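S.K.: What follows is a single structure, and I will ask about it in a moment.
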Amino acid sequence: MMRRFISLLLLSLAITLPAHAALRAWVDNPRVAPGETVRLTLAHDGQTNSRPDLGPLKQDFDIVGSSTSTQVQIVNGKMSSTTQLELSLSPKHGGPLTIPAITWDSDHSQPLTLNVASNGSGANNSGAGAAPNRVFVDTEVDQKSPYVQAAVHVTVRVYTAVPLSHAGLDFGDSDAALVRQVGSDGVSNAEKNGMSYQVVTRQYLVFPQHSGQVSIPGPTLSGSIPDRSSALGLSDPFSGAFANSPFAGMLGAARPIRIHADPIVLNVQPRPVAVNASYWLPARNVTLTAHWNPSSLQAHVGDPITVDLKLQADDLTAAQLPDLASLLSLPSGLKAYPDQPSLKDTSQGTDIIGSRDQSVALIADQPGRFTIPELHLSWWDTRANQAREVTLPAQTLAVQPAPGSAPISAQAQQPAAAIQTAPSTPAAAAVNGTGAKQSQPTAAASPNSEQPWKWISLGFGLLWLVTLGAWLTTRKRRSPPAAPIAAEATRVAANASRARAAFLEACGANDAPAARRNLLLWANARWPGPRIQGLSALAKVLENPQITKLLHALDGACYAQGHWDGAALAKALPELTFPEHEPASRQRELAPLYR
């Protein structure tokens, strides 16, 4: 009877005792302060090369650290092993949280419950047994209803009552807004609810990208604090807020933390209906200046007049500023070749100043006076909440003909000169000769003309002399004056050496406009044919494919205002050597004289 009773008792105990679990899970502390982490340990019987499925944890936790270890035991000659995975979990929000069941191979752990205090701004949290709030983050915005793409000043304060090492504050861009840090960190001390805190203050500018209600994720603080569960319980006296102390963790164990600040919710206003420009500049202040080179605003055809434009805006980034070259209104005959803009953001206290510097080369293809109208740039004053405008005054450019080209007035007078010489042509002389012949019968009928054929021969001789004189006069009038041409050729030839030296010097300085200008002066001093007006014409005259390619590159650099390396062209053109045959254009010009 007693033996049967003992057997039933052992069977009952076997039924009520839980079977040995193959996967076990536990935490180091079921109550967690805001921002602090909890250690979750998973113990898997036996050795394994697989990893557990941690996906269910990511709904309420951030996994900020992990480590793996294997323990081997031999008891009574029998060996057993256990694989442990230790995870550092940071709760994403406060309140009661459940660590769900984890699957590792074919085994499942039991769910666990945590009590996470809410992220308040006080030193202590409500609720019996809640962990003290030793670290927290507070955010403050200067306005809740900004304009779209206008700057919102955000102040972030990190409160810590314990040494904080290896800390970082992440407040990155999102689809809803752009974020820029400005200024430097400020450090102060404060007391809240009887606890002393060190406060680190950091400033940001947030630019909402669309109108309506916008929710922007708040900053995230990460770092390490002394572990209260350490056996020694010692902290690092050399560590401070945002200081990567080399002694952190040496005098006591450190525990990672991660704190998510509350989201920033804004009611963003759209741009006013009255603002109908292609750009939108909501700023605190805007300035626009222009510097002209040369300051006289005078140049020759083909030579650039450069305007350096500088646009600055307070509380706007450089990327938000418009392209000034596209806003210039140019008259006909004047072309703009803008350079690549220089964009720069500068922090000034808690503000940001965006600047856009851009050079625009203006080149005229004909002489004359060109007036560039006023440039009006509208912007929105976010402090006064009204539209404003900055203006660049109008400027007039005086463009002269290219050096050595014929004046316009002289060209216009050439047809008139040709008309005046018409009466002195051989044909006209022939008409006069006919008239002389008509008068000879009268002479022959005179009583005193005893030898009529003598007078007829004399008349024909006079007629030939008149015709020859008329032809010489016509040729002299049609030909350009020899003396001015010779004087001009002498003057240009005297400057050929100086133009060549200036060309090579400009190539060495990579000055494309100066190289182009002096190369044309040098070429026209050496070339006996018609005036060479541009680099394309010079390339046709030289008939060298390599030099043609280099001249096209120089032309493009002059007009596009890009970087140009003059070493290759200087090497290819140490001297100007023209083909010995005359150009076709000169042959066509001389051909009519031999018809």
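Identifiers for the structure tokens are assigned positionally: chains receive A, B, ... in sequence, residues are indexed from 1 per chain, and ligands are indexed from 1 in the order shown.
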Find the residues around stretch 22-30 of chain A up to 12 Å (only C-alpha atoms counted), leave out those fewer than 4 positions away in its own chain, and share them as an NGL selection string.
M.R.: :A and (18 or 36-47 or 52 or 81-89 or 95-117 or 129-131 or 227-230 or 255)
S.K.: Quick one: contact table of stretch 245-360 of chain A to stretch 513-532 of chain A, 12 Å max, nearest atom pair and distance in Å to one decimal per residue, counting only C-alpha atoms, chain and number order, as CSV?
M.R.:
```
residue,atom,partner,partner_atom,distance
A:Ala299,CA,A:Arg517,CA,11.5
A:His300,CA,A:Arg517,CA,9.8
A:Val301,CA,A:Arg517,CA,10.4
A:Gly302,CA,A:Arg517,CA,8.4
A:Asp303,CA,A:Pro513,CA,6.9
A:Pro304,CA,A:Pro513,CA,7.4
A:Ile305,CA,A:Pro513,CA,10.4
A:Thr306,CA,A:Pro513,CA,11.0
```
S.K.: Include C-alpha atoms and write out the residues we just selected as a PDB file, in the first residue's frame.
M.R.:
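For reference, result-v1.pdb as written:
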```pdb
ATOM      1  CA  ALA A 299      34.381  96.641 -74.703  1.00  0.00           C
ATOM      2  CA  HIS A 300      34.897  95.569 -78.306  1.00  0.00           C
ATOM      3  CA  VAL A 301      32.805  93.153 -80.313  1.00  0.00           C
ATOM      4  CA  GLY A 302      33.617  89.606 -79.167  1.00  0.00           C
ATOM      5  CA  ASP A 303      35.137  90.678 -75.857  1.00  0.00           C
ATOM      6  CA  PRO A 304      33.184  89.872 -72.655  1.00  0.00           C
ATOM      7  CA  ILE A 305      31.865  92.326 -70.104  1.00  0.00           C
ATOM      8  CA  THR A 306      31.504  90.356 -66.861  1.00  0.00           C
TER       9      THR A 306
END
```
S.K.: Just to confirm, what's the straight-line distance from atom CA of A:Leu504 to atom CA of A:Pro403 in Å (one decimal)?
M.R.: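 Going from atom CA of A:Leu504 over to atom CA of A:Pro403, I get 19.5 Å.
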S.K.: Mind checking which residues fall within 7 Å of A:Ala313, counting only C-alpha atoms, ignoring those fewer than 6 positions away in the same chain, and posting them as a PyMOL selection string?
M.R.: chain A and resi 283+285-287+353-355
S.K.: For A:Gln298, please output as a ChimeraX atom specification all residues within 10 Å (counting only C-alpha atoms; exclusion window: fewer than 4 positions along the same chain).
M.R.: /A:293-294,303-305,369,396-400
S.K.: Since we have the selection now, will you write its residues out, keeping N, CA and C atoms, as a PDB file, in the first residue's frame?
M.R.:
```pdb
ATOM      1  N   ASN A 293      32.909  94.287 -64.626  1.00  0.00           N
ATOM      2  CA  ASN A 293      34.300  94.289 -65.062  1.00  0.00           C
ATOM      3  C   ASN A 293      34.343  94.192 -66.598  1.00  0.00           C
ATOM      4  N   PRO A 294      34.848  95.253 -67.269  1.00  0.00           N
ATOM      5  CA  PRO A 294      35.437  96.469 -66.703  1.00  0.00           C
ATOM      6  C   PRO A 294      34.374  97.423 -66.166  1.00  0.00           C
ATOM      7  N   ASP A 303      34.519  90.671 -77.178  1.00  0.00           N
ATOM      8  CA  ASP A 303      35.137  90.678 -75.857  1.00  0.00           C
ATOM      9  C   ASP A 303      34.055  90.714 -74.778  1.00  0.00           C
ATOM     10  N   PRO A 304      34.241  89.944 -73.673  1.00  0.00           N
ATOM     11  CA  PRO A 304      33.184  89.872 -72.655  1.00  0.00           C
ATOM     12  C   PRO A 304      33.218  91.061 -71.697  1.00  0.00           C
ATOM     13  N   ILE A 305      32.049  91.452 -71.269  1.00  0.00           N
ATOM     14  CA  ILE A 305      31.865  92.326 -70.104  1.00  0.00           C
ATOM     15  C   ILE A 305      31.232  91.452 -69.025  1.00  0.00           C
ATOM     16  N   ARG A 369      25.176 100.391 -78.461  1.00  0.00           N
ATOM     17  CA  ARG A 369      24.914 100.616 -77.031  1.00  0.00           C
ATOM     18  C   ARG A 369      23.761  99.700 -76.617  1.00  0.00           C
ATOM     19  N   THR A 396      24.076 100.448 -69.045  1.00  0.00           N
ATOM     20  CA  THR A 396      24.223 100.565 -70.494  1.00  0.00           C
ATOM     21  C   THR A 396      25.650 100.207 -70.877  1.00  0.00           C
ATOM     22  N   LEU A 397      25.795  99.252 -71.777  1.00  0.00           N
ATOM     23  CA  LEU A 397      27.095  98.789 -72.241  1.00  0.00           C
ATOM     24  C   LEU A 397      27.409  99.442 -73.581  1.00  0.00           C
ATOM     25  N   ALA A 398      28.637  99.946 -73.702  1.00  0.00           N
ATOM     26  CA  ALA A 398      29.099 100.559 -74.952  1.00  0.00           C
ATOM     27  C   ALA A 398      30.053  99.587 -75.634  1.00  0.00           C
ATOM     28  N   VAL A 399      29.657  99.078 -76.789  1.00  0.00           N
ATOM     29  CA  VAL A 399      30.444  98.079 -77.505  1.00  0.00           C
ATOM     30  C   VAL A 399      30.979  98.710 -78.786  1.00  0.00           C
ATOM     31  N   GLN A 400      32.306  98.733 -78.935  1.00  0.00           N
ATOM     32  CA  GLN A 400      32.973  99.285 -80.103  1.00  0.00           C
ATOM     33  C   GLN A 400      33.254  98.172 -81.113  1.00  0.00           C
TER      34      GLN A 400
END
```
S.K.: Please identify the helix (DSSP H, G or I) residues within stretch 23-231 of chain A (assignment by DSSP from backbone atoms) and present them as a list of chain:residue names.
M.R.: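 DSSP-assigned helix (DSSP H, G or I) residues in stretch 23-231 of chain A: A:Gly55, A:Pro56, A:Leu57, A:Lys58, A:Gln59.
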S.K.: Please provide the set of residues having any atom within 12 Å of A:Asn544, restricted to only C-alpha atoms, with same-chain residues fewer than 5 positions apart removed, written as a ChimeraX atom specification.
M.R.: /A:536,538-539,549-551,572-573,576-579
S.K.: Could you please write out, as number ranges by chain, every residue of stretch 135-352 of chain A that DSSP assigns to strand (DSSP E or B)?
M.R.: A: 135-141, 147, 152-160, 165-170, 177-192, 195-208, 212-216, 220-226, 254-260, 264-269, 282-283, 285-293, 298-300, 305-314, 316, 334-338, 342-348, 351-352
S.K.: Measuring between only C-alpha atoms, which one of A:Ile259, A:Leu164, A:Val135, A:Asn76 shows the shortest distance to A:Asp62?
M.R.: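 The closest residue to A:Asp62 is A:Ile259.
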S.K.: Work out how far atom CA of A:Asp345 is from atom CA of A:Glu389, in Å to one decimal.
M.R.: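 Between atom CA of A:Glu389 and atom CA of A:Asp345 the gap works out to 22.0 Å.
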